[in-house]
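For reference, input_19.txt is printed below; it contains compact mmCIF, C-alpha atoms and all ligand atoms.
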# COMPACT_ATOMS: atom_id res chain seq x y z
CA MET A 1 82.65 -74.36 32.17
CA PRO A 2 80.44 -76.74 34.13
CA LYS A 3 79.36 -79.82 32.16
CA THR A 4 76.11 -80.25 34.10
CA PRO A 5 73.63 -77.37 33.67
CA LEU A 6 72.65 -75.52 36.85
CA ARG A 7 69.31 -73.72 36.46
CA SER A 8 67.29 -71.64 38.88
CA ALA A 9 64.05 -73.30 39.95
CA GLU A 10 61.56 -71.52 37.72
CA PRO A 11 58.61 -73.29 36.03
CA ALA A 12 60.55 -74.08 32.82
CA THR A 13 63.30 -75.73 34.91
CA ILE A 14 60.74 -77.79 36.83
CA ALA A 15 59.24 -79.00 33.54
CA LEU A 16 62.73 -79.82 32.20
CA ALA A 17 63.60 -81.71 35.41
CA ALA A 18 60.39 -83.77 35.18
CA SER A 19 61.04 -84.66 31.54
CA ILE A 20 64.65 -85.70 32.22
CA LEU A 21 63.43 -87.83 35.15
CA ALA A 22 60.68 -89.40 33.03
CA ASP A 23 63.41 -90.41 30.54
CA GLY A 24 65.43 -92.19 33.25
CA GLY A 25 67.85 -89.32 34.00
CA VAL A 26 69.26 -88.07 37.32
CA VAL A 27 68.60 -84.55 38.60
CA ALA A 28 69.72 -82.78 41.78
CA ILE A 29 66.78 -81.04 43.46
CA PRO A 30 66.40 -78.82 46.52
CA THR A 31 64.51 -80.11 49.54
CA GLU A 32 64.03 -78.48 52.93
CA THR A 33 66.74 -80.72 54.45
CA VAL A 34 69.63 -80.99 51.94
CA TYR A 35 69.85 -81.26 48.12
CA GLY A 36 68.73 -84.67 46.87
CA LEU A 37 69.97 -86.60 43.83
CA ALA A 38 66.71 -87.74 42.27
CA ALA A 39 65.75 -90.45 39.79
CA ASP A 40 62.51 -92.31 39.01
CA GLY A 41 62.22 -94.51 42.09
CA LEU A 42 60.36 -97.29 40.29
CA ASP A 43 62.90 -97.59 37.44
CA PRO A 44 65.86 -99.76 38.51
CA ARG A 45 68.11 -98.50 35.70
CA ALA A 46 67.51 -94.86 36.64
CA VAL A 47 68.16 -95.68 40.30
CA ALA A 48 71.39 -97.45 39.34
CA ARG A 49 72.59 -94.14 37.90
CA ILE A 50 72.24 -92.53 41.36
CA PHE A 51 74.53 -95.17 42.89
CA ALA A 52 77.04 -94.73 40.04
CA ALA A 53 77.08 -90.90 40.20
CA LYS A 54 77.56 -90.83 43.98
CA GLY A 55 79.86 -93.85 44.24
CA ARG A 56 77.36 -95.09 46.82
CA PRO A 57 77.82 -98.63 48.22
CA ALA A 58 75.11 -100.91 46.83
CA ASP A 59 74.07 -102.09 50.31
CA ASN A 60 72.93 -98.58 51.33
CA PRO A 61 69.20 -98.22 50.56
CA LEU A 62 67.55 -95.03 49.25
CA ILE A 63 64.64 -92.97 50.54
CA LEU A 64 61.63 -92.75 48.20
CA HIS A 65 60.11 -89.26 48.10
CA VAL A 66 56.41 -88.95 47.31
CA ALA A 67 53.88 -86.12 47.00
CA GLY A 68 51.56 -87.29 49.79
CA LEU A 69 50.18 -90.11 51.93
CA ALA A 70 48.15 -91.61 49.06
CA GLU A 71 51.36 -92.01 47.02
CA ALA A 72 53.10 -93.51 50.07
CA GLU A 73 50.36 -96.15 50.32
CA ALA A 74 51.18 -97.32 46.80
CA ILE A 75 54.79 -98.22 47.69
CA ALA A 76 54.31 -99.67 51.19
CA ALA A 77 52.86 -103.14 51.81
CA GLU A 78 50.83 -101.55 54.59
CA VAL A 79 50.67 -98.16 56.34
CA PRO A 80 49.89 -99.02 59.98
CA PRO A 81 47.92 -96.56 62.17
CA LEU A 82 51.05 -95.34 63.94
CA ALA A 83 52.71 -94.45 60.62
CA ARG A 84 49.53 -92.70 59.55
CA ALA A 85 49.52 -90.64 62.75
CA LEU A 86 53.16 -89.59 62.25
CA ALA A 87 52.52 -88.80 58.58
CA ASP A 88 49.53 -86.65 59.58
CA ALA A 89 51.63 -84.83 62.17
CA PHE A 90 54.86 -84.33 60.21
CA TRP A 91 54.35 -84.66 56.43
CA PRO A 92 55.30 -82.77 54.41
CA GLY A 93 58.46 -82.46 56.48
CA PRO A 94 61.83 -83.89 57.52
CA LEU A 95 60.59 -87.27 58.76
CA THR A 96 61.37 -90.52 56.89
CA ILE A 97 59.28 -93.55 57.82
CA VAL A 98 60.53 -97.10 57.13
CA LEU A 99 57.73 -99.59 56.34
CA LYS A 100 57.40 -103.02 54.75
CA ARG A 101 57.73 -102.48 51.03
CA ALA A 102 55.26 -103.15 48.25
CA ALA A 103 56.32 -105.37 45.32
CA VAL A 104 56.54 -102.37 42.94
CA VAL A 105 59.62 -101.07 44.80
CA PRO A 106 62.74 -102.26 42.95
CA GLU A 107 65.27 -104.34 44.93
CA ILE A 108 68.00 -101.81 44.21
CA VAL A 109 66.08 -99.05 46.08
CA SER A 110 65.79 -101.14 49.24
CA ALA A 111 69.26 -102.70 48.84
CA GLY A 112 67.66 -106.11 49.17
CA LEU A 113 65.78 -105.35 52.44
CA ASP A 114 62.06 -106.11 52.72
CA THR A 115 61.39 -102.49 53.73
CA VAL A 116 61.19 -99.08 52.07
CA ALA A 117 62.00 -95.64 53.50
CA ILE A 118 59.41 -92.98 52.58
CA ARG A 119 59.19 -89.21 52.97
CA VAL A 120 57.06 -86.31 51.73
CA PRO A 121 59.43 -83.33 51.40
CA ALA A 122 58.26 -79.86 52.45
CA HIS A 123 59.84 -77.93 49.60
CA PRO A 124 57.72 -76.31 46.88
CA VAL A 125 60.22 -77.19 44.14
CA ALA A 126 60.59 -80.83 45.20
CA LEU A 127 56.80 -81.16 45.43
CA ALA A 128 56.27 -79.47 42.05
CA ILE A 129 58.69 -81.92 40.40
CA LEU A 130 57.05 -84.90 42.14
CA ARG A 131 53.62 -83.78 40.93
CA ALA A 132 54.83 -83.10 37.39
CA LEU A 133 56.43 -86.58 37.20
CA GLY A 134 53.62 -88.42 38.99
CA ARG A 135 55.97 -91.11 40.32
CA PRO A 136 58.08 -91.55 43.49
CA LEU A 137 61.61 -90.17 43.39
CA ALA A 138 64.53 -92.02 44.93
CA ALA A 139 66.73 -89.25 46.30
CA PRO A 140 69.72 -89.63 48.60
CA SER A 141 71.82 -86.56 49.42
CA ALA A 142 73.41 -85.15 46.24
CA ASN A 143 77.05 -85.47 47.31
CA ARG A 144 79.85 -87.90 46.40
CA SER A 145 79.51 -90.75 48.86
CA GLY A 146 81.27 -89.99 52.15
CA ARG A 147 81.37 -86.20 51.65
CA PRO A 148 79.40 -83.56 53.58
CA SER A 149 75.81 -83.29 52.32
CA PRO A 150 75.09 -80.38 49.93
CA THR A 151 73.03 -77.49 51.25
CA ARG A 152 73.50 -75.25 48.19
CA ALA A 153 73.38 -75.96 44.46
CA GLU A 154 77.09 -75.04 44.19
CA HIS A 155 77.98 -77.90 46.55
CA VAL A 156 76.25 -80.33 44.19
CA LEU A 157 78.16 -78.90 41.24
CA ALA A 158 81.46 -79.23 43.13
CA ASP A 159 80.82 -82.95 43.76
CA LEU A 160 78.85 -84.17 40.75
CA ASP A 161 79.58 -81.96 37.73
CA GLY A 162 79.56 -84.08 34.58
CA ARG A 163 78.09 -87.08 36.42
CA ILE A 164 74.41 -86.03 36.46
CA ASP A 165 71.96 -84.45 33.99
CA LEU A 166 70.74 -81.27 35.73
CA ILE A 167 71.00 -79.28 38.96
CA VAL A 168 67.90 -77.34 40.03
CA ASP A 169 68.94 -74.38 42.15
CA GLY A 170 66.44 -73.53 44.89
CA GLY A 171 68.85 -71.55 47.07
CA PRO A 172 70.24 -72.62 50.45
CA THR A 173 68.22 -75.35 52.20
CA ALA A 174 66.19 -74.48 55.30
CA HIS A 175 67.36 -77.16 57.77
CA GLY A 176 70.83 -78.02 56.47
CA ILE A 177 70.65 -81.52 57.95
CA GLU A 178 68.99 -84.69 56.63
CA SER A 179 65.63 -86.09 57.68
CA THR A 180 65.03 -88.05 60.87
CA VAL A 181 64.52 -91.76 60.07
CA ILE A 182 62.10 -93.88 62.13
CA ASP A 183 61.52 -97.58 61.50
CA LEU A 184 57.91 -98.76 61.95
CA SER A 185 58.35 -101.90 59.86
CA GLN A 186 58.44 -104.28 62.82
CA GLY A 187 54.92 -103.51 64.02
CA GLU A 188 53.30 -100.96 66.29
CA GLY A 189 55.15 -102.09 69.40
CA ALA A 190 58.67 -101.54 68.12
CA PRO A 191 59.32 -98.09 66.69
CA LEU A 192 63.07 -97.57 66.37
CA LEU A 193 64.90 -94.34 65.64
CA LEU A 194 67.46 -95.18 62.93
CA ARG A 195 68.88 -91.70 62.33
CA GLN A 196 68.72 -88.39 64.17
CA GLY A 197 67.77 -85.57 61.85
CA ALA A 198 66.06 -82.27 61.27
CA LEU A 199 62.89 -83.35 63.10
CA PRO A 200 63.90 -83.46 66.77
CA ARG A 201 63.34 -86.72 68.61
CA GLU A 202 61.44 -84.77 71.29
CA ALA A 203 58.79 -83.81 68.71
CA LEU A 204 58.38 -87.46 67.67
CA GLU A 205 58.09 -88.66 71.24
CA ALA A 206 55.53 -85.96 72.04
CA ALA A 207 53.45 -87.08 69.05
CA LEU A 208 53.70 -90.76 70.05
CA GLY A 209 53.20 -90.06 73.75
CA ARG A 210 56.11 -92.32 74.72
CA PRO A 211 59.88 -92.67 74.44
CA ILE A 212 61.38 -94.14 71.26
CA ALA A 213 64.22 -96.64 71.28
CA GLU A 214 67.24 -95.52 69.35
CA GLY A 215 70.35 -96.79 67.61
CA GLY A 216 72.38 -99.75 68.79
CA ALA A 217 73.03 -103.04 67.03
CA GLU A 218 69.38 -103.36 66.03
CA ALA A 219 69.45 -100.04 64.14
CA ALA A 220 72.74 -100.96 62.45
CA ALA A 221 71.19 -104.24 61.32
CA ARG A 222 68.07 -102.53 59.98
CA SER A 223 69.86 -99.58 58.32
CA PRO A 224 73.04 -100.67 56.57
CA GLY A 225 73.85 -97.07 55.59
CA LEU A 226 74.72 -96.26 59.20
CA ARG A 227 77.88 -98.36 58.87
CA HIS A 228 79.41 -96.34 56.06
CA ARG A 229 81.83 -93.43 56.12
CA HIS A 230 79.89 -90.14 56.14
CA TYR A 231 79.98 -86.37 56.05
CA ALA A 232 83.78 -86.11 56.01
CA PRO A 233 85.58 -83.03 54.68
CA ARG A 234 89.19 -83.41 53.49
CA ALA A 235 90.48 -81.74 56.67
CA ARG A 236 90.56 -83.73 59.92
CA VAL A 237 87.74 -82.70 62.27
CA GLU A 238 88.16 -82.33 66.01
CA LEU A 239 85.25 -81.71 68.40
CA VAL A 240 85.85 -79.23 71.20
CA ALA A 241 83.52 -77.65 73.77
CA ARG A 242 82.96 -73.90 73.47
CA GLU A 243 85.21 -73.01 76.44
CA GLY A 244 88.22 -74.74 74.88
CA LEU A 245 87.76 -73.77 71.22
CA GLY A 246 90.01 -70.73 71.03
CA ALA A 247 92.85 -72.24 73.05
CA ARG A 248 92.82 -75.46 71.02
CA ALA A 249 92.86 -73.60 67.69
CA GLU A 250 95.72 -71.34 68.85
CA ALA A 251 97.72 -74.33 70.12
CA LEU A 252 97.34 -76.11 66.77
CA ALA A 253 98.30 -72.95 64.87
CA ALA A 254 101.34 -72.49 67.13
CA ALA A 255 102.37 -76.07 66.32
CA GLY A 256 102.27 -75.19 62.60
CA VAL A 257 98.95 -76.87 61.79
CA ARG A 258 96.72 -74.96 59.35
CA VAL A 259 93.53 -74.83 61.39
CA GLY A 260 90.04 -73.40 60.90
CA VAL A 261 87.19 -73.04 63.37
CA LEU A 262 83.50 -73.88 62.99
CA ALA A 263 81.46 -72.39 65.82
CA ARG A 264 78.24 -70.77 66.93
CA ALA A 265 78.07 -66.99 67.09
CA PRO A 266 79.59 -65.03 68.70
CA ALA A 267 82.92 -66.15 67.24
CA PRO A 268 85.66 -66.86 69.76
CA PRO A 269 88.27 -64.08 69.53
CA LEU A 270 91.08 -65.48 67.36
CA PRO A 271 93.86 -64.00 65.22
CA PRO A 272 92.74 -63.26 61.62
CA ALA A 273 95.16 -65.91 60.33
CA ILE A 274 92.80 -68.57 61.74
CA PRO A 275 89.67 -68.73 59.56
CA THR A 276 86.67 -68.76 61.87
CA LEU A 277 83.07 -69.37 60.78
CA ALA A 278 80.45 -68.52 63.39
CA ALA A 279 76.82 -69.43 62.67
CA GLU A 280 74.07 -67.08 63.82
CA GLY A 281 70.63 -68.33 64.83
CA GLY A 282 71.23 -70.73 67.70
CA LEU A 283 71.24 -74.50 67.20
CA GLU A 284 69.03 -74.24 64.08
CA GLY A 285 71.48 -71.79 62.54
CA TYR A 286 74.43 -74.04 63.39
CA ALA A 287 72.67 -77.01 61.77
CA ARG A 288 71.96 -74.93 58.66
CA GLU A 289 75.60 -73.87 58.29
CA LEU A 290 77.28 -77.11 59.40
CA PHE A 291 77.92 -78.88 56.10
CA ALA A 292 78.47 -75.61 54.21
CA GLY A 293 81.03 -74.60 56.85
CA LEU A 294 82.96 -77.87 56.51
CA ARG A 295 83.12 -77.35 52.74
CA THR A 296 84.15 -73.69 53.04
CA LEU A 297 86.99 -74.50 55.43
CA ASP A 298 88.16 -77.26 53.05
CA GLU A 299 88.27 -74.70 50.25
CA LEU A 300 90.37 -72.40 52.40
CA GLY A 301 92.90 -75.22 52.56
CA VAL A 302 92.94 -75.95 56.28
CA ALA A 303 94.28 -79.30 57.43
CA ARG A 304 92.33 -79.35 60.69
CA ILE A 305 88.83 -78.16 61.60
CA VAL A 306 88.07 -77.47 65.25
CA ALA A 307 84.28 -77.68 65.56
CA GLU A 308 82.18 -76.57 68.51
CA THR A 309 80.17 -79.28 70.29
CA THR A 310 76.54 -78.66 71.23
CA PRO A 311 74.18 -79.92 73.93
CA GLU A 312 72.36 -83.05 72.75
CA VAL A 313 68.83 -81.68 72.83
CA GLY A 314 66.50 -80.94 69.94
CA ILE A 315 68.38 -80.59 66.67
CA GLY A 316 71.60 -80.61 68.72
CA ARG A 317 71.32 -84.42 68.69
CA ALA A 318 71.54 -84.49 64.88
CA ILE A 319 74.34 -81.90 64.87
CA MET A 320 76.45 -84.02 67.22
CA ASP A 321 75.72 -87.18 65.23
CA ARG A 322 76.96 -85.53 62.02
CA LEU A 323 79.98 -83.95 63.73
CA ARG A 324 81.03 -87.28 65.27
CA ARG A 325 80.81 -89.00 61.91
CA ALA A 326 82.70 -86.15 60.23
CA ALA A 327 85.41 -86.54 62.90
CA GLU A 328 85.67 -90.29 62.23
CA GLY A 329 86.86 -89.28 58.73
P1 LIG B 401 70.74 -90.37 52.52
O1 LIG B 401 69.50 -90.23 51.68
O2 LIG B 401 71.99 -90.48 51.74
O3 LIG B 401 70.81 -89.29 53.54
O4 LIG B 401 70.59 -91.73 53.30
C1 LIG B 401 69.36 -92.36 53.53
C2 LIG B 401 69.34 -93.00 54.90
O5 LIG B 401 68.11 -93.74 55.05
C3 LIG B 401 70.49 -93.97 55.12
O6 LIG B 401 70.92 -93.90 56.46
C4 LIG B 401 69.83 -95.30 54.83
O7 LIG B 401 70.48 -96.38 55.44
C5 LIG B 401 68.42 -95.08 55.37
N1 LIG B 401 67.45 -95.97 54.70
C6 LIG B 401 66.99 -95.88 53.45
N2 LIG B 401 66.15 -96.91 53.18
C7 LIG B 401 66.09 -97.66 54.30
C8 LIG B 401 65.40 -98.86 54.65
N3 LIG B 401 64.60 -99.50 53.80
N4 LIG B 401 65.58 -99.34 55.89
C9 LIG B 401 66.37 -98.70 56.77
N5 LIG B 401 67.05 -97.58 56.50
C10 LIG B 401 66.91 -97.06 55.28
MG MG B 402 73.73 -89.01 52.40
Represent the structure of the file as structure tokens.
Ligand code: AMP
Ligand code: MG
Amino acid sequence: MPKTPLRSAEPATIALAASILADGGVVAIPTETVYGLAADGLDPRAVARIFAAKGRPADNPLILHVAGLAEAEAIAAEVPPLARALADAFWPGPLTIVLKRAAVVPEIVSAGLDTVAIRVPAHPVALAILRALGRPLAAPSANRSGRPSPTRAEHVLADLDGRIDLIVDGGPTAHGIESTVIDLSQGEGAPLLLRQGALPREALEAALGRPIAEGGAEAAARSPGLRHRHYAPRARVELVAREGLGARAEALAAAGVRVGVLARAPAPPLPPAIPTLAAEGGLEGYARELFAGLRTLDELGVARIVAETTPEVGIGRAIMDRLRRAAEG
């Protein structure tokens, strides 16, 4: 029997979630990216429970989720015109904007930085809970730190049963990959892409009308979370281009390695002894199934996962970022 209740996202569950959160509890909620582990973002003791449940390093700051731009203005020192334009274009949606923080934001949320990461999620359940609570929610992905992010309520249960107060089941998440993070805290002239995510960089650049700098030492300095171990299943992950997938999996199997394959449909023809997951729906479908596929192959007991690489365009950029980190172990 699970120790943490898992309830489908009907109105009574939303009311229960809001009351647990108002009392300083931690609740896993669906968003359009991945499941988030939510707590009252202005209550340092509630936020501390997120870090404890996940085993998250204290130097990795959390994203504050709010119901709209007006609520974002209350937690940022200032919302510059560029941030306002991106919020108008992409909120609610999978874009997180880093701004200078207001004094109400607890130190623990920002991990001691002078900034705060803010997002308005585009999920009716997440928004209903935010409105019922009337306060920002700190909500990192609802997995044990280092593990693949959860895209179904069952993934949350597998990682956090007994460690959190409630899981709200809203079904599989739409994007399957976390939000894109852009830092606008250093002024209008210096937008910096800190994390690839469900909102493609191309869409951001089209909205801004210019290229955005990305990554590098500057991003690592501004976003400590980038340094940590991430997204790793128990099996070792190997990245292989489509043409070589089948041959590599067969060679590993022939050498006695228990191997599974994560690919885009159509599946490469392989013997039935090699578990092969093939995601339909192009790059979006692959993104949606990526973390779930890593977890499924783990459950099948494979020691090695051969995962198909993708072109680095659109959401393919975020897919390759997650796959590389998964392969680092
Ligand atoms: P998660 O919610 O677990 O997917 O991780 C949140 C991501 O946002 C991590 O990469 C954090 O490092 C990043 N992040 C959160 N707050 C900030 C901030 N104030 N400045 C820079 N990056 C942040
Ligand atoms: Mg995470």
Could you write out as lines of an AutoDock Vina configuration file the box around region 154-158 of chain A (axis-aligned, all atoms listed in the file, 3 Å on each side), with centre and edge lengths in Å to one decimal?
center_x = 78.9
center_y = -77.7
center_z = 43.9
size_x = 11.2
size_y = 11.3
size_z = 11.3
Using all atoms listed in the file, pick whichever of A:Asp159, A:Pro106, A:Arg7, A:Leu133 has the shortest atom-to-atom distance to Ile20 (chain A). A:Leu133
Can you work out which one of A:Gly282, A:Gly170, A:Gly215, A:Pro200 has the shortest atom-to-atom distance to ligand LIG 401 (chain B), counting all atoms listed in the file?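 Between A:Gly282, A:Gly170, A:Gly215, A:Pro200, the residue approaching ligand LIG 401 (chain B) most closely is A:Gly215.
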Could you report the residues within 12 Å of ligand MG 402 (chain B), using only C-alpha atoms and all ligand atoms, as a ChimeraX atom specification? /A:33-37,50-51,54-57,60-63,139-151,177-179,195,197,225-226,228-232,291,322,325
Close residues, region 268-276 of chain A itself excluded, 12 Å, all atoms listed in the file, min 2 positions apart in chain, as a short mmCIF file (atom, residue, chain, number, x, y, z; two decimals) with C-alpha atoms, keeping the file's coordinate frame:
data_model
loop_
_atom_site.label_atom_id
_atom_site.label_comp_id
_atom_site.auth_asym_id
_atom_site.auth_seq_id
_atom_site.Cartn_x
_atom_site.Cartn_y
_atom_site.Cartn_z
CA ALA A 241 83.52 -77.65 73.77
CA ARG A 242 82.96 -73.90 73.47
CA GLU A 243 85.21 -73.01 76.44
CA GLY A 244 88.22 -74.74 74.88
CA LEU A 245 87.76 -73.77 71.22
CA GLY A 246 90.01 -70.73 71.03
CA ALA A 247 92.85 -72.24 73.05
CA ARG A 248 92.82 -75.46 71.02
CA ALA A 249 92.86 -73.60 67.69
CA GLU A 250 95.72 -71.34 68.85
CA ALA A 251 97.72 -74.33 70.12
CA LEU A 252 97.34 -76.11 66.77
CA ALA A 253 98.30 -72.95 64.87
CA ALA A 254 101.34 -72.49 67.13
CA GLY A 256 102.27 -75.19 62.60
CA VAL A 257 98.95 -76.87 61.79
CA ARG A 258 96.72 -74.96 59.35
CA VAL A 259 93.53 -74.83 61.39
CA GLY A 260 90.04 -73.40 60.90
CA VAL A 261 87.19 -73.04 63.37
CA LEU A 262 83.50 -73.88 62.99
CA ALA A 263 81.46 -72.39 65.82
CA ARG A 264 78.24 -70.77 66.93
CA ALA A 265 78.07 -66.99 67.09
CA PRO A 266 79.59 -65.03 68.70
CA ALA A 278 80.45 -68.52 63.39
CA ALA A 279 76.82 -69.43 62.67
CA GLY A 293 81.03 -74.60 56.85
CA LEU A 294 82.96 -77.87 56.51
CA THR A 296 84.15 -73.69 53.04
CA LEU A 297 86.99 -74.50 55.43
CA ASP A 298 88.16 -77.26 53.05
CA GLU A 299 88.27 -74.70 50.25
CA LEU A 300 90.37 -72.40 52.40
CA GLY A 301 92.90 -75.22 52.56
CA VAL A 302 92.94 -75.95 56.28
CA ALA A 303 94.28 -79.30 57.43
CA ARG A 304 92.33 -79.35 60.69
CA ILE A 305 88.83 -78.16 61.60
CA VAL A 306 88.07 -77.47 65.25
CA ALA A 307 84.28 -77.68 65.56
CA GLU A 308 82.18 -76.57 68.51
#
Between atom O6 of ligand LIG 401 (chain B) and CA of Val181 (chain A), what distance in Å does the model show, to one decimal?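 Interatomic distance here is 7.7 Å.
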Could you check the closest approach to Leu95 (chain A) for each of A:Ser223, A:Gln196, A:Ser8, A:Thr180 and tell me which residue wins, using only C-alpha atoms?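 With only C-alpha atoms as the atom set, the closest residue is A:Thr180.
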